[in-house]
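Student: Shown below is the structure under consideration.
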There are 2 protein chains.
Amino acid sequence: MEATELLKKHNLRKTATRTEVLKEYLSAGKALSHAELESKLGEHFDRVTLYRTLNSFEEKGLLHKVYDETGTVRFSLCSDHCDVSSHEDDHVHFHCTKCGNSYCLDLPIPEMNLPKDLMINDVYMVANGICKTCQRA
Amino acid sequence: MEATELLKKHNLRKTATRTEVLKEYLSAGKALSHAELESKLGEHFDRVTLYRTLNSFEEKGLLHKVYDETGTVRFSLCSDHCDVSSHEDDHVHFHCTKCGNSYCLDLPIPEMNLPKDLMINDVYMVANGICKTCQRA
DNA sequence: CATATAATGAAACTTTGTTGCATTTACTTT
DNA sequence: AAAGTAAATGCAACAAAGTTTCATTATATG
């Protein structure tokens, strides 16, 4: 789906920043952090606006958080059926400890028997290792 | 095991900061972040020393990282058999999205078929939800 | 096209984490 | 037990990451 269409679908006003940011995610094929976005988009966009853009994208179900042991929070495109009321980003993530990149894997999170006294909303899972590219290098 | 004993076992010099920090972890029963430690220990210990303490504890296999969607990195006590050469912290974690606390669960990480072209070192898993205490409140 | 509402940009600030260096402390060896 | 060495500490300065406030500008809707 295209940027403009995606924004409308999620009830977000179309602005220059949002369109550009969304395009980055649509073409990236991996999770992007605030810092990465900032360096990709150069000086054209305000730091603070970028933070706010990411937050509203997450809130509205366009992006979901991808995090790892470094404490860096990245974001990645959600699947079509995510929206404000339900994020269903129930797939495994991969984090390369060499290049630091993170990707969504097309792999569902396995079932488990979690303690009954905990109210579970969602489960997050990352496999840490070395990606294809870094294995060659 | 006691603080002094644990330090010796992991080839760490016994210092006031390390002993105190270890005691906190031994009694906490949950993961603690740098900020939490700082407020628990008051002004007695240097911020930087605390960072360095946590890092060396992790490196030596005394603590392992516990992280969540907020980007806060916490640490939690490792089991007995962890050391410099092998961390085997292969259990599921729980993160309460209300109070922000994180705990280790006594639950192994389920097996999966990960893509063969990725070199996997370890898998991290967090269940997000509301803890027992916060459910009552 | 006027208007209400939302998004932006800029400045200031807070929090979090790191680096370099001089001083102090812990452990080893004698 | 004293000396020597290697490691840990404390401090200052810095760097990075994230937040808040508020005035200005832009978007979408009637």
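Every chain in the structure tokens takes a letter, A first, then B, and so on in the order presented; its residues are numbered from 1, and the ligands are numbered from 1 following the presented order.
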Taking the DSSP secondary structure from the backbone, can you list the residues of chain A that are alpha helix (DSSP H), as a PyMOL selection string?

Tutor: chain A and resi 3-9+16-28+34-41+47-59+132-136

Student: Using all C-alpha atoms paired in order, least-squares fit chain A onto chain B and give me the moved copy as a short mmCIF file (atom, residue, chain, number, x, y, z; two decimals) with N, CA and C atoms, in the first residue's frame.

Tutor:
```
data_model
loop_
_atom_site.label_atom_id
_atom_site.label_comp_id
_atom_site.auth_asym_id
_atom_site.auth_seq_id
_atom_site.Cartn_x
_atom_site.Cartn_y
_atom_site.Cartn_z
N MET A 1 23.38 -18.19 47.23
CA MET A 1 24.80 -17.92 47.49
C MET A 1 24.97 -16.47 47.96
N GLU A 2 26.03 -16.24 48.67
CA GLU A 2 26.23 -14.90 49.23
C GLU A 2 27.05 -14.02 48.30
N ALA A 3 26.93 -12.73 48.53
CA ALA A 3 27.59 -11.74 47.68
C ALA A 3 29.10 -11.99 47.55
N THR A 4 29.78 -12.06 48.67
CA THR A 4 31.24 -12.25 48.67
C THR A 4 31.65 -13.47 47.86
N GLU A 5 30.95 -14.55 48.12
CA GLU A 5 31.22 -15.81 47.45
C GLU A 5 31.01 -15.70 45.94
N LEU A 6 29.93 -15.05 45.57
CA LEU A 6 29.60 -14.87 44.16
C LEU A 6 30.65 -14.06 43.43
N LEU A 7 31.14 -13.03 44.08
CA LEU A 7 32.16 -12.19 43.46
C LEU A 7 33.42 -13.00 43.21
N LYS A 8 33.84 -13.72 44.23
CA LYS A 8 35.05 -14.54 44.09
C LYS A 8 34.88 -15.54 42.96
N LYS A 9 33.75 -16.21 42.96
CA LYS A 9 33.47 -17.23 41.94
C LYS A 9 33.59 -16.68 40.53
N HIS A 10 33.25 -15.42 40.36
CA HIS A 10 33.26 -14.83 39.02
C HIS A 10 34.48 -13.96 38.77
N ASN A 11 35.49 -14.12 39.61
CA ASN A 11 36.74 -13.39 39.42
C ASN A 11 36.57 -11.88 39.44
N LEU A 12 35.80 -11.41 40.41
CA LEU A 12 35.61 -9.97 40.54
C LEU A 12 36.12 -9.55 41.93
N ARG A 13 36.89 -8.49 41.93
CA ARG A 13 37.38 -7.98 43.21
C ARG A 13 36.22 -7.54 44.08
N LYS A 14 36.38 -7.79 45.37
CA LYS A 14 35.33 -7.41 46.30
C LYS A 14 35.48 -5.93 46.67
N THR A 15 34.47 -5.16 46.33
CA THR A 15 34.48 -3.75 46.70
C THR A 15 33.13 -3.42 47.33
N ALA A 16 33.08 -2.28 47.98
CA ALA A 16 31.85 -1.87 48.67
C ALA A 16 30.69 -1.78 47.69
N THR A 17 30.91 -1.10 46.58
CA THR A 17 29.85 -0.93 45.59
C THR A 17 29.33 -2.27 45.11
N ARG A 18 30.24 -3.13 44.69
CA ARG A 18 29.83 -4.43 44.15
C ARG A 18 29.05 -5.25 45.15
N THR A 19 29.53 -5.26 46.38
CA THR A 19 28.84 -6.03 47.40
C THR A 19 27.41 -5.52 47.60
N GLU A 20 27.29 -4.21 47.71
CA GLU A 20 25.96 -3.64 47.92
C GLU A 20 25.03 -3.88 46.74
N VAL A 21 25.57 -3.70 45.55
CA VAL A 21 24.76 -3.91 44.35
C VAL A 21 24.29 -5.36 44.28
N LEU A 22 25.20 -6.26 44.51
CA LEU A 22 24.84 -7.68 44.47
C LEU A 22 23.77 -8.00 45.50
N LYS A 23 23.90 -7.45 46.69
CA LYS A 23 22.89 -7.68 47.73
C LYS A 23 21.52 -7.23 47.25
N GLU A 24 21.49 -6.11 46.58
CA GLU A 24 20.21 -5.62 46.06
C GLU A 24 19.58 -6.64 45.12
N TYR A 25 20.41 -7.17 44.22
CA TYR A 25 19.89 -8.16 43.27
C TYR A 25 19.47 -9.44 43.96
N LEU A 26 20.24 -9.83 44.98
CA LEU A 26 19.91 -11.07 45.69
C LEU A 26 18.58 -10.97 46.41
N SER A 27 18.23 -9.78 46.82
CA SER A 27 16.99 -9.64 47.59
C SER A 27 15.83 -9.08 46.78
N ALA A 28 16.12 -8.58 45.59
CA ALA A 28 15.07 -7.87 44.84
C ALA A 28 13.97 -8.79 44.32
N GLY A 29 14.34 -9.94 43.77
CA GLY A 29 13.33 -10.83 43.19
C GLY A 29 12.76 -10.29 41.90
N LYS A 30 13.39 -9.30 41.36
CA LYS A 30 12.96 -8.77 40.06
C LYS A 30 14.16 -8.10 39.40
N ALA A 31 13.97 -7.70 38.16
CA ALA A 31 15.05 -7.04 37.45
C ALA A 31 15.18 -5.59 37.89
N LEU A 32 16.41 -5.10 37.95
CA LEU A 32 16.65 -3.73 38.39
C LEU A 32 17.45 -2.97 37.33
N SER A 33 17.01 -1.76 37.07
CA SER A 33 17.72 -0.90 36.13
C SER A 33 18.75 -0.06 36.87
N HIS A 34 19.60 0.58 36.11
CA HIS A 34 20.56 1.50 36.71
C HIS A 34 19.87 2.55 37.57
N ALA A 35 18.83 3.14 37.03
CA ALA A 35 18.11 4.20 37.74
C ALA A 35 17.52 3.70 39.06
N GLU A 36 16.96 2.49 39.01
CA GLU A 36 16.37 1.92 40.22
C GLU A 36 17.42 1.67 41.28
N LEU A 37 18.54 1.14 40.86
CA LEU A 37 19.65 0.90 41.77
C LEU A 37 20.08 2.20 42.42
N GLU A 38 20.22 3.20 41.59
CA GLU A 38 20.69 4.50 42.06
C GLU A 38 19.77 5.03 43.16
N SER A 39 18.48 4.90 42.95
CA SER A 39 17.58 5.44 43.96
C SER A 39 17.54 4.55 45.21
N LYS A 40 17.74 3.26 45.04
CA LYS A 40 17.78 2.36 46.18
C LYS A 40 19.02 2.60 47.04
N LEU A 41 20.12 2.80 46.39
CA LEU A 41 21.39 2.92 47.11
C LEU A 41 21.69 4.34 47.54
N GLY A 42 20.80 5.25 47.20
CA GLY A 42 21.00 6.63 47.61
C GLY A 42 22.22 7.25 46.98
N GLU A 43 22.81 8.19 47.67
CA GLU A 43 23.90 8.96 47.11
C GLU A 43 25.26 8.34 47.44
N HIS A 44 25.24 7.17 48.04
CA HIS A 44 26.49 6.59 48.52
C HIS A 44 27.42 6.15 47.39
N PHE A 45 26.83 5.89 46.23
CA PHE A 45 27.66 5.35 45.16
C PHE A 45 27.62 6.22 43.92
N ASP A 46 28.71 6.24 43.25
CA ASP A 46 28.83 7.06 42.05
C ASP A 46 28.04 6.47 40.89
N ARG A 47 27.36 7.34 40.17
CA ARG A 47 26.60 6.98 38.98
C ARG A 47 27.42 6.15 37.98
N VAL A 48 28.61 6.66 37.69
CA VAL A 48 29.46 6.01 36.71
C VAL A 48 29.92 4.64 37.20
N THR A 49 30.28 4.57 38.45
CA THR A 49 30.69 3.30 39.02
C THR A 49 29.57 2.28 38.91
N LEU A 50 28.37 2.74 39.14
CA LEU A 50 27.21 1.86 39.04
C LEU A 50 27.07 1.30 37.61
N TYR A 51 27.23 2.14 36.62
CA TYR A 51 27.19 1.66 35.24
C TYR A 51 28.27 0.61 35.01
N ARG A 52 29.46 0.91 35.49
CA ARG A 52 30.56 -0.01 35.26
C ARG A 52 30.36 -1.32 36.01
N THR A 53 29.80 -1.22 37.19
CA THR A 53 29.52 -2.42 37.97
C THR A 53 28.54 -3.32 37.23
N LEU A 54 27.48 -2.74 36.73
CA LEU A 54 26.49 -3.52 36.00
C LEU A 54 27.10 -4.17 34.77
N ASN A 55 27.90 -3.41 34.06
CA ASN A 55 28.52 -3.97 32.85
C ASN A 55 29.45 -5.13 33.17
N SER A 56 30.26 -4.99 34.20
CA SER A 56 31.18 -6.10 34.48
C SER A 56 30.42 -7.30 35.04
N PHE A 57 29.37 -7.05 35.79
CA PHE A 57 28.54 -8.16 36.29
C PHE A 57 27.93 -8.93 35.11
N GLU A 58 27.52 -8.20 34.12
CA GLU A 58 26.93 -8.88 32.96
C GLU A 58 27.99 -9.67 32.20
N GLU A 59 29.11 -9.02 32.02
CA GLU A 59 30.21 -9.64 31.28
C GLU A 59 30.67 -10.93 31.95
N LYS A 60 30.71 -10.91 33.27
CA LYS A 60 31.21 -12.06 34.01
C LYS A 60 30.14 -13.12 34.28
N GLY A 61 28.93 -12.87 33.83
CA GLY A 61 27.90 -13.89 33.97
C GLY A 61 27.18 -13.90 35.30
N LEU A 62 27.21 -12.76 36.00
CA LEU A 62 26.46 -12.67 37.25
C LEU A 62 25.04 -12.19 37.01
N LEU A 63 24.93 -11.28 36.05
CA LEU A 63 23.62 -10.72 35.70
C LEU A 63 23.36 -10.91 34.22
N HIS A 64 22.10 -10.95 33.85
CA HIS A 64 21.77 -10.93 32.43
C HIS A 64 20.79 -9.80 32.17
N LYS A 65 20.77 -9.36 30.94
CA LYS A 65 19.92 -8.24 30.57
C LYS A 65 18.46 -8.65 30.47
N VAL A 66 17.61 -7.74 30.92
CA VAL A 66 16.17 -7.92 30.81
C VAL A 66 15.65 -6.62 30.22
N TYR A 67 15.11 -6.69 29.04
CA TYR A 67 14.70 -5.45 28.39
C TYR A 67 13.28 -5.51 27.89
N ASP A 68 12.76 -4.34 27.61
CA ASP A 68 11.36 -4.29 27.20
C ASP A 68 11.13 -3.14 26.24
N GLU A 69 9.89 -3.01 25.83
CA GLU A 69 9.50 -2.02 24.82
C GLU A 69 9.80 -0.57 25.20
N THR A 70 10.04 -0.31 26.47
CA THR A 70 10.32 1.06 26.86
C THR A 70 11.76 1.45 26.57
N GLY A 71 12.59 0.46 26.22
CA GLY A 71 13.98 0.75 25.96
C GLY A 71 14.82 0.78 27.23
N THR A 72 14.18 0.57 28.37
CA THR A 72 14.92 0.49 29.62
C THR A 72 15.61 -0.85 29.71
N VAL A 73 16.92 -0.83 29.94
CA VAL A 73 17.63 -2.08 30.13
C VAL A 73 17.75 -2.35 31.63
N ARG A 74 17.22 -3.46 32.04
CA ARG A 74 17.37 -3.89 33.43
C ARG A 74 18.29 -5.10 33.47
N PHE A 75 18.64 -5.51 34.67
CA PHE A 75 19.45 -6.71 34.83
C PHE A 75 18.81 -7.59 35.88
N SER A 76 19.08 -8.89 35.75
CA SER A 76 18.55 -9.84 36.70
C SER A 76 19.61 -10.90 36.97
N LEU A 77 19.57 -11.48 38.16
CA LEU A 77 20.54 -12.50 38.54
C LEU A 77 20.52 -13.68 37.60
N CYS A 78 21.70 -14.16 37.27
CA CYS A 78 21.80 -15.36 36.46
C CYS A 78 21.72 -16.59 37.36
N SER A 79 21.45 -17.72 36.72
CA SER A 79 21.49 -18.96 37.48
C SER A 79 22.94 -19.36 37.71
N ASP A 80 23.13 -20.32 38.57
CA ASP A 80 24.46 -20.70 39.05
C ASP A 80 25.48 -20.98 37.95
N HIS A 81 24.99 -21.61 36.88
CA HIS A 81 25.96 -22.12 35.91
C HIS A 81 26.41 -21.09 34.86
N CYS A 82 26.00 -19.84 35.00
CA CYS A 82 26.46 -18.83 34.05
C CYS A 82 27.85 -18.33 34.43
N ASP A 83 28.66 -18.08 33.45
CA ASP A 83 29.95 -17.44 33.69
C ASP A 83 30.39 -16.64 32.46
N VAL A 84 31.66 -16.21 32.44
CA VAL A 84 32.13 -15.37 31.33
C VAL A 84 31.86 -16.02 29.98
N SER A 85 32.14 -17.32 29.91
CA SER A 85 32.11 -17.97 28.60
C SER A 85 30.71 -18.40 28.16
N SER A 86 29.82 -18.61 29.10
CA SER A 86 28.47 -18.96 28.65
C SER A 86 27.35 -18.47 29.56
N HIS A 87 26.56 -17.63 28.96
CA HIS A 87 25.31 -17.20 29.58
C HIS A 87 24.24 -18.14 29.05
N GLU A 88 23.49 -18.73 29.94
CA GLU A 88 22.40 -19.60 29.48
C GLU A 88 21.09 -19.16 30.11
N ASP A 89 20.73 -17.94 29.81
CA ASP A 89 19.54 -17.38 30.44
C ASP A 89 18.32 -17.64 29.57
N ASP A 90 18.06 -18.90 29.39
CA ASP A 90 17.03 -19.31 28.44
C ASP A 90 15.66 -19.52 29.06
N HIS A 91 15.18 -18.46 29.68
CA HIS A 91 13.84 -18.53 30.26
C HIS A 91 13.02 -17.32 29.78
N VAL A 92 11.72 -17.43 29.93
CA VAL A 92 10.83 -16.36 29.50
C VAL A 92 10.79 -15.27 30.58
N HIS A 93 10.64 -14.04 30.15
CA HIS A 93 10.52 -12.92 31.08
C HIS A 93 9.11 -12.36 31.06
N PHE A 94 8.78 -11.70 32.15
CA PHE A 94 7.49 -11.02 32.19
C PHE A 94 7.70 -9.55 32.47
N HIS A 95 6.98 -8.72 31.75
CA HIS A 95 7.06 -7.28 31.96
C HIS A 95 5.68 -6.71 32.21
N CYS A 96 5.52 -6.06 33.35
CA CYS A 96 4.23 -5.44 33.66
C CYS A 96 4.20 -4.04 33.06
N THR A 97 3.25 -3.82 32.18
CA THR A 97 3.19 -2.54 31.47
C THR A 97 2.59 -1.45 32.36
N LYS A 98 2.09 -1.85 33.52
CA LYS A 98 1.53 -0.84 34.42
C LYS A 98 2.59 -0.32 35.39
N CYS A 99 3.20 -1.21 36.16
CA CYS A 99 4.21 -0.76 37.13
C CYS A 99 5.60 -0.72 36.52
N GLY A 100 5.77 -1.36 35.38
CA GLY A 100 7.06 -1.31 34.71
C GLY A 100 8.07 -2.35 35.19
N ASN A 101 7.70 -3.11 36.21
CA ASN A 101 8.62 -4.14 36.72
C ASN A 101 8.76 -5.32 35.77
N SER A 102 9.91 -5.96 35.84
CA SER A 102 10.14 -7.15 35.04
C SER A 102 10.65 -8.29 35.92
N TYR A 103 10.23 -9.48 35.60
CA TYR A 103 10.61 -10.66 36.37
C TYR A 103 11.06 -11.78 35.45
N CYS A 104 11.89 -12.65 35.96
CA CYS A 104 12.22 -13.87 35.25
C CYS A 104 11.16 -14.91 35.58
N LEU A 105 10.70 -15.62 34.58
CA LEU A 105 9.75 -16.70 34.82
C LEU A 105 10.49 -18.03 34.76
N ASP A 106 10.00 -18.98 35.51
CA ASP A 106 10.63 -20.31 35.50
C ASP A 106 10.02 -21.13 34.37
N LEU A 107 10.30 -20.67 33.17
CA LEU A 107 9.65 -21.25 32.00
C LEU A 107 10.64 -21.21 30.85
N PRO A 108 10.96 -22.37 30.30
CA PRO A 108 11.94 -22.40 29.21
C PRO A 108 11.39 -21.78 27.94
N ILE A 109 12.28 -21.28 27.11
CA ILE A 109 11.87 -20.72 25.82
C ILE A 109 11.57 -21.87 24.86
N PRO A 110 10.36 -21.87 24.28
CA PRO A 110 9.97 -22.96 23.39
C PRO A 110 10.86 -23.06 22.15
N GLU A 111 10.96 -24.24 21.64
CA GLU A 111 11.75 -24.47 20.43
C GLU A 111 11.06 -23.92 19.20
N MET A 112 11.85 -23.56 18.20
CA MET A 112 11.29 -23.06 16.94
C MET A 112 12.22 -23.43 15.81
N ASN A 113 11.68 -23.35 14.60
CA ASN A 113 12.52 -23.53 13.43
C ASN A 113 12.92 -22.18 12.86
N LEU A 114 14.07 -21.71 13.22
CA LEU A 114 14.52 -20.42 12.72
C LEU A 114 15.23 -20.62 11.38
N PRO A 115 15.20 -19.59 10.53
CA PRO A 115 15.84 -19.67 9.22
C PRO A 115 17.29 -20.16 9.33
N LYS A 116 17.67 -21.05 8.45
CA LYS A 116 18.99 -21.68 8.54
C LYS A 116 20.13 -20.74 8.18
N ASP A 117 19.81 -19.68 7.43
CA ASP A 117 20.88 -18.77 7.02
C ASP A 117 21.26 -17.76 8.10
N LEU A 118 20.54 -17.80 9.22
CA LEU A 118 20.90 -16.93 10.33
C LEU A 118 21.66 -17.74 11.38
N MET A 119 22.71 -17.15 11.92
CA MET A 119 23.45 -17.83 12.99
C MET A 119 22.87 -17.36 14.31
N ILE A 120 22.11 -18.20 14.96
CA ILE A 120 21.42 -17.79 16.19
C ILE A 120 22.27 -18.11 17.42
N ASN A 121 22.44 -17.13 18.28
CA ASN A 121 23.18 -17.36 19.52
C ASN A 121 22.27 -17.58 20.71
N ASP A 122 21.24 -16.77 20.79
CA ASP A 122 20.29 -16.94 21.89
C ASP A 122 18.96 -16.30 21.52
N VAL A 123 17.95 -16.69 22.24
CA VAL A 123 16.62 -16.16 21.98
C VAL A 123 16.10 -15.50 23.25
N TYR A 124 15.54 -14.33 23.07
CA TYR A 124 15.01 -13.58 24.20
C TYR A 124 13.50 -13.47 24.05
N MET A 125 12.81 -13.58 25.18
CA MET A 125 11.35 -13.61 25.12
C MET A 125 10.76 -12.90 26.32
N VAL A 126 9.83 -11.99 26.06
CA VAL A 126 9.10 -11.30 27.12
C VAL A 126 7.62 -11.39 26.89
N ALA A 127 6.90 -11.73 27.94
CA ALA A 127 5.45 -11.63 27.89
C ALA A 127 5.08 -10.31 28.54
N ASN A 128 4.31 -9.50 27.84
CA ASN A 128 3.88 -8.22 28.38
C ASN A 128 2.46 -8.33 28.91
N GLY A 129 2.21 -7.72 30.05
CA GLY A 129 0.87 -7.77 30.60
C GLY A 129 0.78 -7.03 31.92
N ILE A 130 -0.18 -7.44 32.74
CA ILE A 130 -0.37 -6.79 34.04
C ILE A 130 -0.08 -7.81 35.14
N CYS A 131 0.77 -7.43 36.06
CA CYS A 131 1.17 -8.35 37.13
C CYS A 131 0.06 -8.49 38.18
N LYS A 132 0.25 -9.46 39.03
CA LYS A 132 -0.71 -9.79 40.07
C LYS A 132 -1.07 -8.55 40.91
N THR A 133 -0.03 -7.87 41.37
CA THR A 133 -0.22 -6.70 42.23
C THR A 133 -1.02 -5.61 41.52
N CYS A 134 -0.66 -5.33 40.29
CA CYS A 134 -1.33 -4.26 39.55
C CYS A 134 -2.76 -4.63 39.16
N GLN A 135 -3.05 -5.92 39.07
CA GLN A 135 -4.41 -6.35 38.76
C GLN A 135 -5.36 -5.99 39.89
N ARG A 136 -4.86 -6.09 41.12
CA ARG A 136 -5.69 -5.77 42.29
C ARG A 136 -5.90 -4.26 42.42
N ALA A 137 -4.86 -3.52 42.09
CA ALA A 137 -4.91 -2.07 42.31
C ALA A 137 -5.84 -1.35 41.34
#
```

Student: Near chain B, which residues of chain C fall within 10 Å when you count only C-alpha atoms (C1' of nucleotides), and what do they look like as a list of chain:residue names?

Tutor: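 Therefore, the residues near the partner are C:DT15, C:DT16, C:DG17, C:DT18, C:DT25, C:DA26, C:DC27.
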
Student: Write the residues you've just listed into a file as an mmCIF file, in the first residue's frame, and include C-alpha atoms (C1' of nucleotides) for each of them.

Tutor:
```cif
data_model
loop_
_atom_site.group_PDB
_atom_site.id
_atom_site.type_symbol
_atom_site.label_atom_id
_atom_site.label_comp_id
_atom_site.auth_asym_id
_atom_site.auth_seq_id
_atom_site.Cartn_x
_atom_site.Cartn_y
_atom_site.Cartn_z
ATOM 1 C "C1'" DT C 15 17.630 11.679 31.542
ATOM 2 C "C1'" DT C 16 20.760 8.252 30.201
ATOM 3 C "C1'" DG C 17 25.077 6.655 29.042
ATOM 4 C "C1'" DT C 18 30.301 7.307 27.937
ATOM 5 C "C1'" DT C 25 41.806 0.267 46.846
ATOM 6 C "C1'" DA C 26 42.239 -4.832 46.532
ATOM 7 C "C1'" DC C 27 44.832 -8.655 45.977
#
```

Student: Based on only C-alpha atoms (C1' of nucleotides), which of the residues in chain D come within 10 Å of chain A? I want them as a ChimeraX atom specification.

Tutor: /D:16-19,26-28

Student: Might you pull out every residue within 12 Å of D:DT21, with only C-alpha atoms (C1' of nucleotides) counted and same-chain residues fewer than 4 positions away left off, and present them as an MDAnalysis selection string?

Tutor: chainID C and resid 10:13

Student: Write to file, as a JSON list (two decimals), in the first residue's frame, the residues of the selection just made, with all heavy atoms.

Tutor:
```json
[["chain", "number", "residue", "atom", "x", "y", "z"],
["C", 10, "DA", "P", 13.26, 25.42, 12.77],
["C", 10, "DA", "OP1", 13.58, 26.42, 11.73],
["C", 10, "DA", "OP2", 13.90, 24.09, 12.75],
["C", 10, "DA", "O5'", 13.51, 26.08, 14.19],
["C", 10, "DA", "C5'", 12.61, 27.08, 14.67],
["C", 10, "DA", "C4'", 12.82, 27.28, 16.15],
["C", 10, "DA", "O4'", 11.91, 26.44, 16.89],
["C", 10, "DA", "C3'", 14.23, 26.95, 16.64],
["C", 10, "DA", "O3'", 14.73, 28.07, 17.34],
["C", 10, "DA", "C2'", 14.03, 25.73, 17.52],
["C", 10, "DA", "C1'", 12.60, 25.91, 17.99],
["C", 10, "DA", "N9", 11.93, 24.68, 18.35],
["C", 10, "DA", "C8", 12.11, 23.44, 17.78],
["C", 10, "DA", "N7", 11.37, 22.50, 18.33],
["C", 10, "DA", "C5", 10.66, 23.16, 19.32],
["C", 10, "DA", "C6", 9.71, 22.72, 20.26],
["C", 10, "DA", "N6", 9.29, 21.45, 20.35],
["C", 10, "DA", "N1", 9.20, 23.64, 21.11],
["C", 10, "DA", "C2", 9.62, 24.90, 21.02],
["C", 10, "DA", "N3", 10.51, 25.44, 20.18],
["C", 10, "DA", "C4", 11.00, 24.50, 19.35],
["C", 11, "DA", "P", 16.21, 28.06, 17.99],
["C", 11, "DA", "OP1", 16.80, 29.38, 17.68],
["C", 11, "DA", "OP2", 16.92, 26.81, 17.63],
["C", 11, "DA", "O5'", 15.88, 28.02, 19.54],
["C", 11, "DA", "C5'", 14.83, 28.84, 20.06],
["C", 11, "DA", "C4'", 14.64, 28.51, 21.53],
["C", 11, "DA", "O4'", 13.85, 27.30, 21.64],
["C", 11, "DA", "C3'", 15.97, 28.23, 22.25],
["C", 11, "DA", "O3'", 15.95, 28.91, 23.50],
["C", 11, "DA", "C2'", 15.98, 26.71, 22.41],
["C", 11, "DA", "C1'", 14.49, 26.39, 22.51],
["C", 11, "DA", "N9", 14.15, 25.05, 22.07],
["C", 11, "DA", "C8", 14.68, 24.33, 21.03],
["C", 11, "DA", "N7", 14.17, 23.14, 20.88],
["C", 11, "DA", "C5", 13.23, 23.05, 21.89],
["C", 11, "DA", "C6", 12.34, 22.03, 22.28],
["C", 11, "DA", "N6", 12.26, 20.86, 21.66],
["C", 11, "DA", "N1", 11.54, 22.28, 23.34],
["C", 11, "DA", "C2", 11.63, 23.46, 23.96],
["C", 11, "DA", "N3", 12.42, 24.50, 23.69],
["C", 11, "DA", "C4", 13.20, 24.22, 22.63],
["C", 12, "DA", "P", 17.23, 28.84, 24.51],
["C", 12, "DA", "OP1", 17.49, 30.22, 24.95],
["C", 12, "DA", "OP2", 18.30, 28.03, 23.87],
["C", 12, "DA", "O5'", 16.66, 28.01, 25.74],
["C", 12, "DA", "C5'", 15.27, 28.11, 26.09],
["C", 12, "DA", "C4'", 14.95, 26.94, 27.00],
["C", 12, "DA", "O4'", 14.63, 25.77, 26.20],
["C", 12, "DA", "C3'", 16.13, 26.55, 27.89],
["C", 12, "DA", "O3'", 15.66, 26.43, 29.23],
["C", 12, "DA", "C2'", 16.60, 25.23, 27.31],
["C", 12, "DA", "C1'", 15.30, 24.66, 26.74],
["C", 12, "DA", "N9", 15.49, 23.66, 25.68],
["C", 12, "DA", "C8", 16.40, 23.68, 24.65],
["C", 12, "DA", "N7", 16.33, 22.63, 23.86],
["C", 12, "DA", "C5", 15.31, 21.86, 24.41],
["C", 12, "DA", "C6", 14.74, 20.63, 24.04],
["C", 12, "DA", "N6", 15.15, 19.92, 22.99],
["C", 12, "DA", "N1", 13.74, 20.16, 24.80],
["C", 12, "DA", "C2", 13.34, 20.87, 25.87],
["C", 12, "DA", "N3", 13.79, 22.05, 26.32],
["C", 12, "DA", "C4", 14.78, 22.49, 25.54],
["C", 13, "DC", "P", 16.68, 26.15, 30.43],
["C", 13, "DC", "OP1", 16.27, 27.02, 31.55],
["C", 13, "DC", "OP2", 18.07, 26.15, 29.93],
["C", 13, "DC", "O5'", 16.29, 24.65, 30.81],
["C", 13, "DC", "C5'", 14.90, 24.26, 30.77],
["C", 13, "DC", "C4'", 14.79, 22.75, 30.76],
["C", 13, "DC", "O4'", 15.03, 22.22, 29.44],
["C", 13, "DC", "C3'", 15.80, 22.06, 31.68],
["C", 13, "DC", "O3'", 15.07, 21.27, 32.60],
["C", 13, "DC", "C2'", 16.65, 21.21, 30.75],
["C", 13, "DC", "C1'", 15.70, 20.99, 29.59],
["C", 13, "DC", "N1", 16.37, 20.64, 28.30],
["C", 13, "DC", "C2", 15.94, 19.51, 27.61],
["C", 13, "DC", "O2", 15.01, 18.85, 28.08],
["C", 13, "DC", "N3", 16.55, 19.17, 26.45],
["C", 13, "DC", "C4", 17.54, 19.92, 25.98],
["C", 13, "DC", "N4", 18.10, 19.55, 24.82],
["C", 13, "DC", "C5", 18.00, 21.08, 26.66],
["C", 13, "DC", "C6", 17.39, 21.41, 27.82]]
```

Student: List every residue of chain A that DSSP, applied to the backbone, labels as strand (DSSP E), and write the result as a PyMOL selection string.

Tutor: chain A and resi 32-33+63-67+73-77+91-96+102-108+119-130

Student: Go ahead and dump the residues you just picked, C-alpha atoms, as a short mmCIF file (atom, residue, chain, number, x, y, z; two decimals), in the first residue's frame.

Tutor:
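Final file, result.cif:
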```
data_model
loop_
_atom_site.label_atom_id
_atom_site.label_comp_id
_atom_site.auth_asym_id
_atom_site.auth_seq_id
_atom_site.Cartn_x
_atom_site.Cartn_y
_atom_site.Cartn_z
CA LEU A 32 14.42 1.75 11.81
CA SER A 33 15.24 3.75 14.91
CA LEU A 63 4.33 0.71 13.15
CA HIS A 64 5.21 -1.63 15.97
CA LYS A 65 8.16 -1.55 18.30
CA VAL A 66 11.19 -3.71 17.71
CA TYR A 67 13.64 -3.69 20.56
CA VAL A 73 13.88 1.08 20.24
CA ARG A 74 13.24 0.65 16.55
CA PHE A 75 9.99 0.48 14.64
CA SER A 76 8.79 -1.73 11.85
CA LEU A 77 5.76 -1.71 9.56
CA HIS A 91 5.86 -12.76 14.85
CA VAL A 92 9.44 -13.46 15.84
CA HIS A 93 12.12 -10.81 15.31
CA PHE A 94 15.74 -11.16 14.45
CA HIS A 95 18.50 -8.92 15.71
CA CYS A 96 22.01 -9.01 14.30
CA SER A 102 16.64 -5.89 13.19
CA TYR A 103 14.11 -7.62 10.97
CA CYS A 104 10.68 -9.11 11.28
CA LEU A 105 10.60 -12.82 10.56
CA ASP A 106 7.64 -14.54 8.96
CA LEU A 107 7.37 -16.88 11.89
CA PRO A 108 4.60 -16.99 14.48
CA MET A 119 -2.72 -11.08 32.59
CA ILE A 120 -0.83 -11.43 29.32
CA ASN A 121 -1.49 -8.99 26.50
CA ASP A 122 1.19 -9.90 24.03
CA VAL A 123 4.45 -11.75 23.72
CA TYR A 124 7.59 -10.36 22.18
CA MET A 125 10.39 -12.52 20.86
CA VAL A 126 13.81 -11.80 19.37
CA ALA A 127 16.38 -14.20 18.10
CA ASN A 128 19.86 -12.73 18.44
CA GLY A 129 22.63 -13.73 16.11
CA ILE A 130 24.58 -12.86 12.99
#
```
